[in-house]
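Asker: work-v3.txt is reproduced below (compact mmCIF, C-alpha atoms and all ligand atoms).
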# COMPACT_ATOMS: atom_id res chain seq x y z
CA MET C 865 167.70 186.46 -13.30
CA ILE C 866 167.52 184.93 -16.79
CA ARG C 867 170.96 184.52 -18.41
CA LYS C 868 170.67 181.65 -20.86
CA ILE C 869 167.76 180.83 -23.18
CA ALA C 870 167.45 177.77 -25.42
CA VAL C 871 165.20 177.29 -28.46
CA LEU C 872 163.99 174.09 -30.10
CA THR C 873 161.65 173.12 -32.93
CA SER C 874 159.56 170.00 -32.56
CA GLY C 875 156.88 167.90 -34.30
CA GLY C 876 156.09 168.17 -38.02
CA ASP C 877 158.21 170.94 -39.50
CA ALA C 878 156.46 174.04 -40.83
CA PRO C 879 157.61 176.84 -43.15
CA GLY C 880 158.42 179.85 -40.98
CA MET C 881 160.03 177.87 -38.15
CA ASN C 882 163.39 179.32 -39.20
CA ALA C 883 161.96 182.83 -39.22
CA ALA C 884 160.72 182.27 -35.64
CA LEU C 885 164.06 180.79 -34.56
CA ARG C 886 165.87 183.77 -36.08
CA VAL C 887 163.84 186.26 -34.08
CA CYS C 888 164.16 184.31 -30.83
CA ILE C 889 167.95 184.33 -31.17
CA ARG C 890 168.25 187.93 -32.30
CA ALA C 891 165.84 189.26 -29.68
CA GLY C 892 167.55 187.27 -26.92
CA LEU C 893 170.97 188.60 -27.97
CA PHE C 894 169.52 192.11 -28.16
CA TYR C 895 168.53 191.82 -24.49
CA GLY C 896 172.06 190.65 -23.64
CA LYS C 897 171.23 186.97 -23.07
CA GLU C 898 173.27 183.91 -24.05
CA MET C 899 171.32 182.02 -26.72
CA TYR C 900 171.35 178.26 -27.34
CA VAL C 901 169.71 175.95 -29.84
CA VAL C 902 168.63 172.38 -29.20
CA TYR C 903 168.97 170.18 -32.29
CA ASP C 904 166.39 167.49 -33.18
CA GLY C 905 163.58 168.63 -30.87
CA TYR C 906 162.98 166.78 -27.60
CA LYS C 907 165.14 163.89 -28.80
CA GLY C 908 168.15 166.20 -29.03
CA LEU C 909 167.22 167.72 -25.68
CA ILE C 910 167.53 164.44 -23.77
CA GLU C 911 170.72 163.65 -25.69
CA GLY C 912 172.21 167.04 -24.76
CA ASN C 913 172.52 168.11 -28.41
CA ILE C 914 172.69 171.78 -27.46
CA GLN C 915 174.87 174.54 -28.88
CA GLN C 916 175.46 178.19 -28.06
CA VAL C 917 174.85 180.42 -31.08
CA ASN C 918 175.46 184.00 -32.14
CA LYS C 919 173.79 186.34 -34.61
CA ASP C 920 175.63 184.83 -37.60
CA PHE C 921 173.76 181.59 -36.99
CA THR C 922 170.57 183.33 -38.09
CA ALA C 923 171.90 184.81 -41.33
CA ASP C 924 169.83 184.07 -44.43
CA ILE C 925 167.34 181.75 -42.75
CA ILE C 926 164.22 183.94 -42.74
CA ASN C 927 163.27 182.69 -46.20
CA ARG C 928 164.25 179.04 -45.72
CA GLY C 929 161.66 176.30 -45.33
CA GLY C 930 162.06 173.43 -42.86
CA THR C 931 164.03 174.03 -39.68
CA ILE C 932 167.81 174.37 -39.65
CA ILE C 933 167.93 172.93 -36.12
CA ARG C 934 165.86 169.98 -37.32
CA SER C 935 162.81 168.41 -35.73
CA ALA C 936 161.80 165.00 -34.45
CA ARG C 937 158.84 163.20 -32.96
CA LEU C 938 159.52 161.62 -29.56
CA PRO C 939 156.36 159.90 -28.23
CA SER C 940 158.15 158.97 -25.00
CA PHE C 941 158.51 162.66 -24.11
CA LYS C 942 155.76 162.41 -21.53
CA GLU C 943 157.20 159.76 -19.27
CA PRO C 944 158.36 161.19 -15.94
CA GLU C 945 161.85 159.71 -16.39
CA THR C 946 162.28 161.40 -19.78
CA ILE C 947 161.06 164.76 -18.47
CA LYS C 948 163.44 164.43 -15.50
CA LYS C 949 166.31 163.65 -17.85
CA ALA C 950 165.47 166.72 -19.98
CA ILE C 951 165.53 168.98 -16.93
CA GLU C 952 168.84 167.51 -15.78
CA ILE C 953 170.35 168.31 -19.18
CA LEU C 954 168.94 171.85 -19.17
CA ASN C 955 170.35 172.37 -15.67
CA ASP C 956 173.75 170.95 -16.73
CA PHE C 957 173.87 173.62 -19.45
CA GLU C 958 172.57 176.19 -16.92
CA ILE C 959 169.71 177.06 -19.27
CA ASP C 960 167.11 179.24 -17.52
CA ALA C 961 164.25 179.01 -20.02
CA LEU C 962 163.25 177.04 -23.10
CA ILE C 963 161.28 178.35 -26.08
CA GLY C 964 159.55 175.56 -28.04
CA ILE C 965 158.37 176.19 -31.60
CA GLY C 966 155.78 173.65 -32.76
CA GLY C 967 152.19 172.46 -32.46
CA ASP C 968 150.02 170.63 -29.94
CA GLY C 969 152.49 167.80 -29.31
CA THR C 970 155.27 170.30 -28.65
CA TYR C 971 153.03 172.14 -26.19
CA ARG C 972 152.27 168.94 -24.28
CA GLY C 973 156.00 168.40 -23.81
CA LEU C 974 156.50 172.01 -22.76
CA ASN C 975 153.61 171.71 -20.31
CA ASP C 976 155.23 168.66 -18.69
CA LEU C 977 158.48 170.60 -18.31
CA ALA C 978 156.54 173.54 -16.83
CA LYS C 979 154.76 171.22 -14.37
CA ALA C 980 158.17 169.97 -13.30
CA GLY C 981 159.17 173.57 -12.51
CA PHE C 982 161.07 174.60 -15.66
CA THR C 983 160.22 177.89 -17.43
CA VAL C 984 158.99 177.39 -20.99
CA VAL C 985 157.30 179.47 -23.68
CA GLY C 986 155.53 178.03 -26.73
CA VAL C 987 155.30 179.50 -30.25
CA PRO C 988 152.66 177.92 -32.55
CA ALA C 989 154.07 176.44 -35.76
CA THR C 990 152.33 173.71 -37.73
CA ILE C 991 150.76 173.61 -41.17
CA ASP C 992 147.58 172.13 -39.62
CA ASN C 993 146.30 175.37 -37.98
CA ASP C 994 144.82 173.24 -35.21
CA VAL C 995 146.14 175.08 -32.14
CA GLY C 996 143.43 176.50 -29.86
CA SER C 997 145.39 179.43 -28.46
CA THR C 998 145.95 181.13 -31.82
CA ASP C 999 143.85 182.03 -34.87
CA GLN C 1000 146.72 181.14 -37.16
CA THR C 1001 149.78 178.95 -36.83
CA ILE C 1002 153.12 179.63 -38.50
CA GLY C 1003 153.27 177.51 -41.68
CA PHE C 1004 149.56 177.41 -42.44
CA SER C 1005 149.66 180.27 -44.94
CA THR C 1006 152.57 178.74 -46.86
CA ALA C 1007 151.04 175.26 -46.94
CA LEU C 1008 147.74 176.70 -48.14
CA ASN C 1009 149.49 178.58 -50.94
CA THR C 1010 151.36 175.43 -51.92
CA ILE C 1011 148.09 173.49 -52.08
CA CYS C 1012 146.52 176.22 -54.22
CA ASP C 1013 149.52 176.24 -56.53
CA CYS C 1014 149.21 172.46 -56.99
CA ILE C 1015 145.45 172.66 -57.60
CA ASP C 1016 145.87 175.48 -60.14
CA ARG C 1017 148.17 173.16 -62.07
CA LEU C 1018 145.80 170.24 -61.69
CA LYS C 1019 142.93 172.32 -63.03
CA ASP C 1020 144.80 172.78 -66.31
CA THR C 1021 145.13 169.08 -66.92
CA SER C 1022 141.73 168.26 -65.41
CA SER C 1023 140.12 170.65 -67.86
CA SER C 1024 142.02 169.29 -70.84
CA HIS C 1025 140.67 165.82 -70.02
CA GLN C 1026 137.33 166.86 -68.52
CA ARG C 1027 138.11 164.99 -65.33
CA CYS C 1028 137.14 165.12 -61.72
CA SER C 1029 140.22 165.53 -59.49
CA LEU C 1030 140.15 164.37 -55.88
CA ILE C 1031 142.96 165.98 -53.93
CA GLU C 1032 143.98 164.80 -50.45
CA VAL C 1033 145.50 167.45 -48.20
CA MET C 1034 147.04 167.27 -44.72
CA GLY C 1035 145.67 168.73 -41.49
CA ARG C 1036 145.62 165.72 -39.17
CA ASP C 1037 142.15 166.05 -37.53
CA CYS C 1038 141.59 169.67 -38.54
CA GLY C 1039 139.84 170.65 -41.78
CA ASP C 1040 141.30 174.17 -42.08
CA LEU C 1041 143.72 173.38 -44.92
CA ALA C 1042 140.94 171.59 -46.82
CA MET C 1043 138.30 174.25 -46.20
CA TYR C 1044 140.49 177.26 -46.96
CA ALA C 1045 141.85 175.57 -50.08
CA ALA C 1046 138.30 174.80 -51.19
CA LEU C 1047 137.36 178.46 -50.79
CA ALA C 1048 140.50 179.74 -52.46
CA GLU C 1049 140.09 177.36 -55.40
CA GLY C 1050 136.32 177.55 -55.78
CA ALA C 1051 136.26 173.78 -55.40
CA GLU C 1052 133.10 171.83 -56.12
CA GLY C 1053 133.34 169.94 -52.85
CA VAL C 1054 135.23 169.59 -49.59
CA ILE C 1055 135.33 166.55 -47.34
CA CYS C 1056 136.83 166.99 -43.87
CA ALA C 1057 136.04 166.28 -40.22
CA GLU C 1058 133.82 169.38 -40.13
CA TYR C 1059 132.06 168.39 -43.40
CA PRO C 1060 131.84 164.60 -43.66
CA LEU C 1061 131.23 163.02 -47.05
CA LYS C 1062 127.63 163.18 -48.24
CA LYS C 1063 127.96 160.86 -51.20
CA GLU C 1064 124.58 161.23 -52.82
CA GLN C 1065 124.68 165.01 -52.60
CA LEU C 1066 128.16 165.06 -54.14
CA PHE C 1067 127.29 162.63 -56.92
CA LYS C 1068 124.14 164.57 -57.77
CA LYS C 1069 126.15 167.76 -58.13
CA LEU C 1070 128.78 166.04 -60.30
CA ARG C 1071 126.10 164.45 -62.53
CA LYS C 1072 124.57 167.87 -63.04
CA MET C 1073 127.98 169.34 -63.91
CA LYS C 1074 128.62 166.50 -66.36
CA ALA C 1075 125.26 167.10 -68.00
CA GLN C 1076 126.22 170.78 -68.39
CA ASN C 1077 129.47 169.69 -70.00
CA LYS C 1078 131.60 171.40 -67.32
CA ASP C 1079 135.34 171.20 -67.90
CA HIS C 1080 136.43 169.81 -64.57
CA ALA C 1081 135.47 169.23 -60.96
CA ILE C 1082 137.74 169.69 -57.95
CA ILE C 1083 137.04 167.85 -54.70
CA ILE C 1084 139.34 168.50 -51.73
CA VAL C 1085 139.60 165.81 -49.08
CA SER C 1086 141.27 165.99 -45.68
CA GLU C 1087 143.68 163.18 -44.81
CA ASN C 1088 142.81 160.17 -42.59
CA LEU C 1089 139.10 160.21 -43.35
CA ILE C 1090 138.27 158.19 -46.45
CA ASP C 1091 139.95 156.15 -49.17
CA ILE C 1092 140.07 158.65 -52.06
CA ASN C 1093 140.92 155.96 -54.62
CA GLN C 1094 137.75 154.10 -53.70
CA LEU C 1095 135.77 157.34 -53.87
CA ALA C 1096 137.26 158.08 -57.31
CA LYS C 1097 135.99 154.69 -58.56
CA GLU C 1098 132.54 155.44 -57.21
CA VAL C 1099 132.58 158.91 -58.80
CA GLU C 1100 133.33 157.30 -62.18
CA GLU C 1101 130.51 154.77 -61.78
CA ALA C 1102 127.94 157.24 -60.47
CA THR C 1103 128.58 160.46 -62.41
CA GLY C 1104 130.10 159.84 -65.83
CA PHE C 1105 133.23 161.86 -64.96
CA THR C 1106 136.55 160.11 -65.24
CA ALA C 1107 138.31 160.69 -61.95
CA ARG C 1108 141.92 160.92 -60.77
CA THR C 1109 143.37 161.22 -57.27
CA GLU C 1110 146.35 163.18 -55.94
CA VAL C 1111 147.80 162.92 -52.44
CA LEU C 1112 149.84 166.09 -51.87
CA GLY C 1113 151.54 164.67 -48.76
CA ARG C 1114 154.67 166.28 -47.35
CA LEU C 1115 155.10 168.55 -50.36
CA GLN C 1116 152.72 170.75 -48.33
CA ARG C 1117 155.29 171.13 -45.56
CA GLY C 1118 158.16 172.33 -47.73
CA GLY C 1119 159.08 175.57 -49.43
CA SER C 1120 159.98 179.12 -48.61
CA PRO C 1121 157.54 180.68 -46.12
CA THR C 1122 155.09 183.30 -47.37
CA ALA C 1123 155.59 186.90 -46.22
CA ASN C 1124 152.55 186.35 -43.99
CA ASP C 1125 154.23 183.42 -42.22
CA ARG C 1126 157.52 185.32 -41.85
CA ILE C 1127 155.78 188.28 -40.25
CA LEU C 1128 153.59 186.09 -38.06
CA ALA C 1129 156.71 184.23 -36.90
CA THR C 1130 158.46 187.52 -36.19
CA ARG C 1131 155.61 188.95 -34.13
CA LEU C 1132 155.03 185.77 -32.13
CA ALA C 1133 158.67 184.92 -31.48
CA SER C 1134 159.56 188.42 -30.31
CA ARG C 1135 156.72 188.25 -27.77
CA ALA C 1136 157.96 184.84 -26.61
CA VAL C 1137 161.37 186.32 -25.83
CA GLU C 1138 159.80 189.28 -23.99
CA ILE C 1139 157.89 186.84 -21.78
CA VAL C 1140 161.13 185.11 -20.85
CA ILE C 1141 163.02 188.36 -20.28
CA ASN C 1142 160.23 189.80 -18.12
CA GLU C 1143 160.02 186.52 -16.18
CA GLU C 1144 156.26 186.23 -16.76
CA GLY C 1145 156.25 182.46 -16.24
CA SER C 1146 155.46 179.59 -18.60
CA ARG C 1147 153.16 180.80 -21.36
CA ILE C 1148 152.04 180.17 -24.91
CA VAL C 1149 151.89 182.98 -27.47
CA GLY C 1150 149.30 183.29 -30.21
CA MET C 1151 147.48 185.64 -32.52
CA LYS C 1152 143.85 186.52 -31.81
CA ASP C 1153 141.98 189.09 -33.93
CA ASN C 1154 145.34 190.17 -35.34
CA ALA C 1155 146.77 191.00 -31.92
CA VAL C 1156 149.57 189.08 -30.24
CA VAL C 1157 148.25 187.41 -27.11
CA ASP C 1158 149.55 184.93 -24.56
CA PHE C 1159 148.09 182.50 -22.07
CA PRO C 1160 149.37 180.48 -19.12
CA ILE C 1161 150.52 177.19 -20.60
CA GLU C 1162 148.15 174.98 -18.57
CA GLU C 1163 145.23 177.02 -19.92
CA ALA C 1164 146.51 177.09 -23.52
CA VAL C 1165 146.92 173.31 -23.81
CA SER C 1166 143.24 172.70 -23.14
CA MET C 1167 141.95 175.37 -25.56
CA LYS C 1168 140.10 174.06 -28.63
CA HIS C 1169 140.71 175.47 -32.09
CA GLU C 1170 137.82 177.59 -33.33
CA HIS C 1171 137.13 178.30 -36.96
CA VAL C 1172 137.09 181.95 -37.99
CA HIS C 1173 133.70 183.58 -37.92
CA GLY C 1174 131.71 182.97 -41.09
CA LEU C 1175 133.90 180.17 -42.48
CA ARG C 1176 131.18 177.55 -42.09
CA ASP C 1177 128.60 179.72 -43.88
CA LEU C 1178 130.93 180.12 -46.83
CA ILE C 1179 131.55 176.37 -46.95
CA GLU C 1180 127.80 175.65 -46.74
CA MET C 1181 127.30 177.88 -49.77
CA LEU C 1182 129.95 175.93 -51.64
CA GLN C 1183 128.58 172.45 -50.89
O1 LIG C 1201 151.31 168.04 -38.07
C1 LIG C 1201 151.77 168.25 -39.37
C2 LIG C 1201 151.54 167.04 -40.22
O2 LIG C 1201 152.04 167.31 -41.50
C3 LIG C 1201 150.08 166.56 -40.30
O3 LIG C 1201 149.34 167.33 -41.22
C4 LIG C 1201 150.26 165.13 -40.70
O4 LIG C 1201 149.14 164.36 -40.30
C5 LIG C 1201 151.51 164.73 -39.95
O5 LIG C 1201 152.22 165.93 -39.68
C6 LIG C 1201 152.42 163.77 -40.67
O6 LIG C 1201 153.53 163.54 -39.86
P1 LIG C 1201 154.82 162.75 -40.30
O7 LIG C 1201 155.52 163.55 -41.37
O8 LIG C 1201 155.64 162.61 -39.06
O9 LIG C 1201 154.35 161.44 -40.82
Re-express the file's structure as structure tokens.
Answerer:
Amino acid sequence: MIRKIAVLTSGGDAPGMNAALRVCIRAGLFYGKEMYVVYDGYKGLIEGNIQQVNKDFTADIINRGGTIIRSARLPSFKEPETIKKAIEILNDFEIDALIGIGGDGTYRGLNDLAKAGFTVVGVPATIDNDVGSTDQTIGFSTALNTICDCIDRLKDTSSSHQRCSLIEVMGRDCGDLAMYAALAEGAEGVICAEYPLKKEQLFKKLRKMKAQNKDHAIIIVSENLIDINQLAKEVEEATGFTARTEVLGRLQRGGSPTANDRILATRLASRAVEIVINEEGSRIVGMKDNAVVDFPIEEAVSMKHEHVHGLRDLIEMLQ
């Protein structure tokens, strides 16, 4: 019988984590369970930084960015000794199940706990949208809107100076933020893992735009792929545009979550609690074709992220 449930957030923070945390706590209390939070992700877990909470803890957090229970990256949370320590701590607190809110890295940690016999449920939250077991992760919508807001502003100044702007966005190895932003902004080009740089094709397009006296050009580039400052120099030499670069960085992770992220968080987190209450085992929740779904954790961790149907065609048209 489940009596005590703990919740943690882990990995890169994402807008909507608080909304998910709120629902986990409220739903757990609704079902008469004792609810706990673990501060600082897996790091706080092995340090025993765990606190019982009530409904008041969740007041006014649905609209707050970041995570009020903080997050951390703990690369050592895969070593058998560390996993053993985590389970000892959870047992000391008599916690029966752990809900982890985060991305791939968080799931790997949860999977190790599950393999060691502890009940866990995962809720997908990362701005990268790179989790295989869900169409959309909590935080993606907000980060995308933030990127679009920044690019709208950049377009104003780019137009005034007739410049080409190269904007680097996050996403780790996944091009979703770059591709969706390119579509939403009508960008002239996108460079990401799915669409590697084709220099000559890009330069040809920019030269043509310059010849037509176009006001500005927007090129969106995913992080960790190319040196955008070097590319900006080459754009200047090859196309006649003056070029400027912007790295949006962690600005993309901040801010109040969109309504979409708050609702996504609410739907996913409430299912996570149901799984624990119904003792359905260690699972990962997600959203597929706008329905809440869940998978056994060992299956979910090996699922590859798929792009929504038709996205590639739209990008092809744009290139
Ligand atoms: O996973 C979210 C993310 O923002 C990635 O897009 C990025 O590559 C990474 O985290 C940066 O992590 P950190 O803030 O720990 O350097």
Asker: Please identify the residues whose atoms come within 6 Å of ligand LIG 1201 (chain C), using only C-alpha atoms and all ligand atoms, and report them as a PyMOL selection string.
Answerer: chain C and resi 876+990-992+1034-1036
Asker: Taking all atoms listed in the file into account, which of C:Ile914, C:Ala980, C:Ala1102, C:Ala989 comes nearest Gly875 of chain C?
Answerer: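 That would be C:Ala989, the residue with the smallest distance to Gly875 of chain C.
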Asker: Tell me, as a VMD selection string, which residues lie within 12 Å of Leu1008 of chain C, counting all atoms listed in the file; anything in the same chain fewer than 5 positions away does not count.
Answerer: chain C and resid 878 to 879 990 to 993 1000 to 1003 1013 to 1015 1033 to 1035 1039 to 1049 1112 1115 to 1119 1121 to 1122 1124 to 1125
Asker: Please indicate the distance in Å from atom CA of Ile1092 of chain C to atom CA of Ser1120 of chain C, rounded to one decimal place.
Answerer: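 Between these atoms lies a distance of 28.8 Å.
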Asker: What gap, in Å, lies between atom CA of Gln916 of chain C and atom CA of Thr873 of chain C?
Answerer: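 Value for the atom CA of Gln916 of chain C-atom CA of Thr873 of chain C distance: 15.5 Å.
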Asker: Excluding Pro944 of chain C and any residue of its chain fewer than 4 positions from it, enumerate the residues within 9 Å of it, using all atoms listed in the file, and give them as an MDAnalysis selection string.
Answerer: chainID C and resid 948:949 976
Asker: Neighbours of Arg886 of chain C within 8 Å (only C-alpha atoms; same-chain residues fewer than 2 positions away dropped), as a PyMOL selection string?
Answerer: chain C and resi 882-884+888-890+922+925-926
Asker: Can you tell me which residues surround Met1073 of chain C at a distance of at most 10 Å, considering only C-alpha atoms, apart from same-chain residues fewer than 4 positions away, and format the answer as a ChimeraX atom specification?
Answerer: /C:1052,1067-1069,1077-1081,1103-1105
Asker: Measure the distance from atom CA of Glu952 of chain C to atom CA of Val902 of chain C in Å and round it to one decimal.
Answerer: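 Computed distance, atom CA of Glu952 of chain C to atom CA of Val902 of chain C, equals 14.3 Å.
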Asker: Can you pull out the residues contacting Val1172 of chain C? Cut-off 10 Å, using only C-alpha atoms, and skip same-chain residues under 2 positions away; I want them as a list in words.
Answerer: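 So the residues in contact are Asp999, Gln1000, Asp1040, Asp1153, His1169, Glu1170, Gly1174, Leu1175 and Arg1176 of chain C.
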Asker: Considering all atoms listed in the file, can you say which of C:Gly892, C:Gly880, C:Gly981, C:Gly1150 comes closest to Arg928 of chain C?
Answerer: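 Among the listed residues, the smallest separation from Arg928 of chain C belongs to C:Gly880.
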Asker: Nearest residue to Arg934 of chain C out of C:Ile965, C:Ile959, C:Ile910, C:Ala1155, using only C-alpha atoms?
Answerer: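 For Arg934 of chain C, the nearest of the candidates is C:Ile965.
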Asker: Considering only C-alpha atoms, can you say which of C:Ser1022, C:Thr983, C:Ser1005, C:Thr1109 comes closest to Asp1091 of chain C?
Answerer: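 Of all the options, C:Thr1109 lies closest to Asp1091 of chain C.
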Asker: With distances taken over all atoms listed in the file, which of C:Asn913, C:Ser874, C:Thr931, C:Asn975 is nearest to Gly1145 of chain C?
Answerer: C:Asn975
Asker: Out of C:Ile947, C:Val987, C:Cys1038, C:Ala1107, which residue has the shortest atom-to-atom distance to His1025 of chain C when counting all atoms listed in the file?
Answerer: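 Between C:Ile947, C:Val987, C:Cys1038, C:Ala1107, the residue approaching His1025 of chain C most closely is C:Ala1107.
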Asker: Considering all atoms listed in the file, give me a table of residues in segment 940-1007 of chain C that are at most 12 Å from segment 1134-1140 of chain C, with the closest atom pair and distance in Å for each, as a Markdown table.
Answerer:
| residue | atom | partner | partner_atom | distance |
| --- | --- | --- | --- | --- |
| C:Ile959 | CA | C:Val1140 | CA | 11.9 |
| C:Asp960 | CA | C:Val1140 | CA | 9.0 |
| C:Ala961 | CA | C:Val1140 | CA | 6.9 |
| C:Leu962 | CA | C:Val1140 | CA | 8.6 |
| C:Ile963 | CA | C:Ala1136 | CA | 7.3 |
| C:Gly964 | CA | C:Ala1136 | CA | 9.5 |
| C:Ile965 | CA | C:Ala1136 | CA | 10.0 |
| C:Phe982 | CA | C:Val1140 | CA | 11.7 |
| C:Thr983 | CA | C:Val1140 | CA | 8.0 |
| C:Val984 | CA | C:Val1140 | CA | 8.0 |
| C:Val985 | CA | C:Ala1136 | CA | 6.2 |
| C:Gly986 | CA | C:Ala1136 | CA | 7.2 |
| C:Val987 | CA | C:Ala1136 | CA | 7.0 |
| C:Pro988 | CA | C:Ala1136 | CA | 10.5 |
Asker: Please define a box with edges along x, y and z of the file around all atoms of segment 875-887 of chain C given in the file, extend it by 5 Å on each side, and return its centre and edge lengths in Å to one decimal, as AutoDock Vina command-line options.
Answerer:
--center_x 161.0 --center_y 177.1 --center_z -38.6 --size_x 19.8 --size_y 28.4 --size_z 19.1
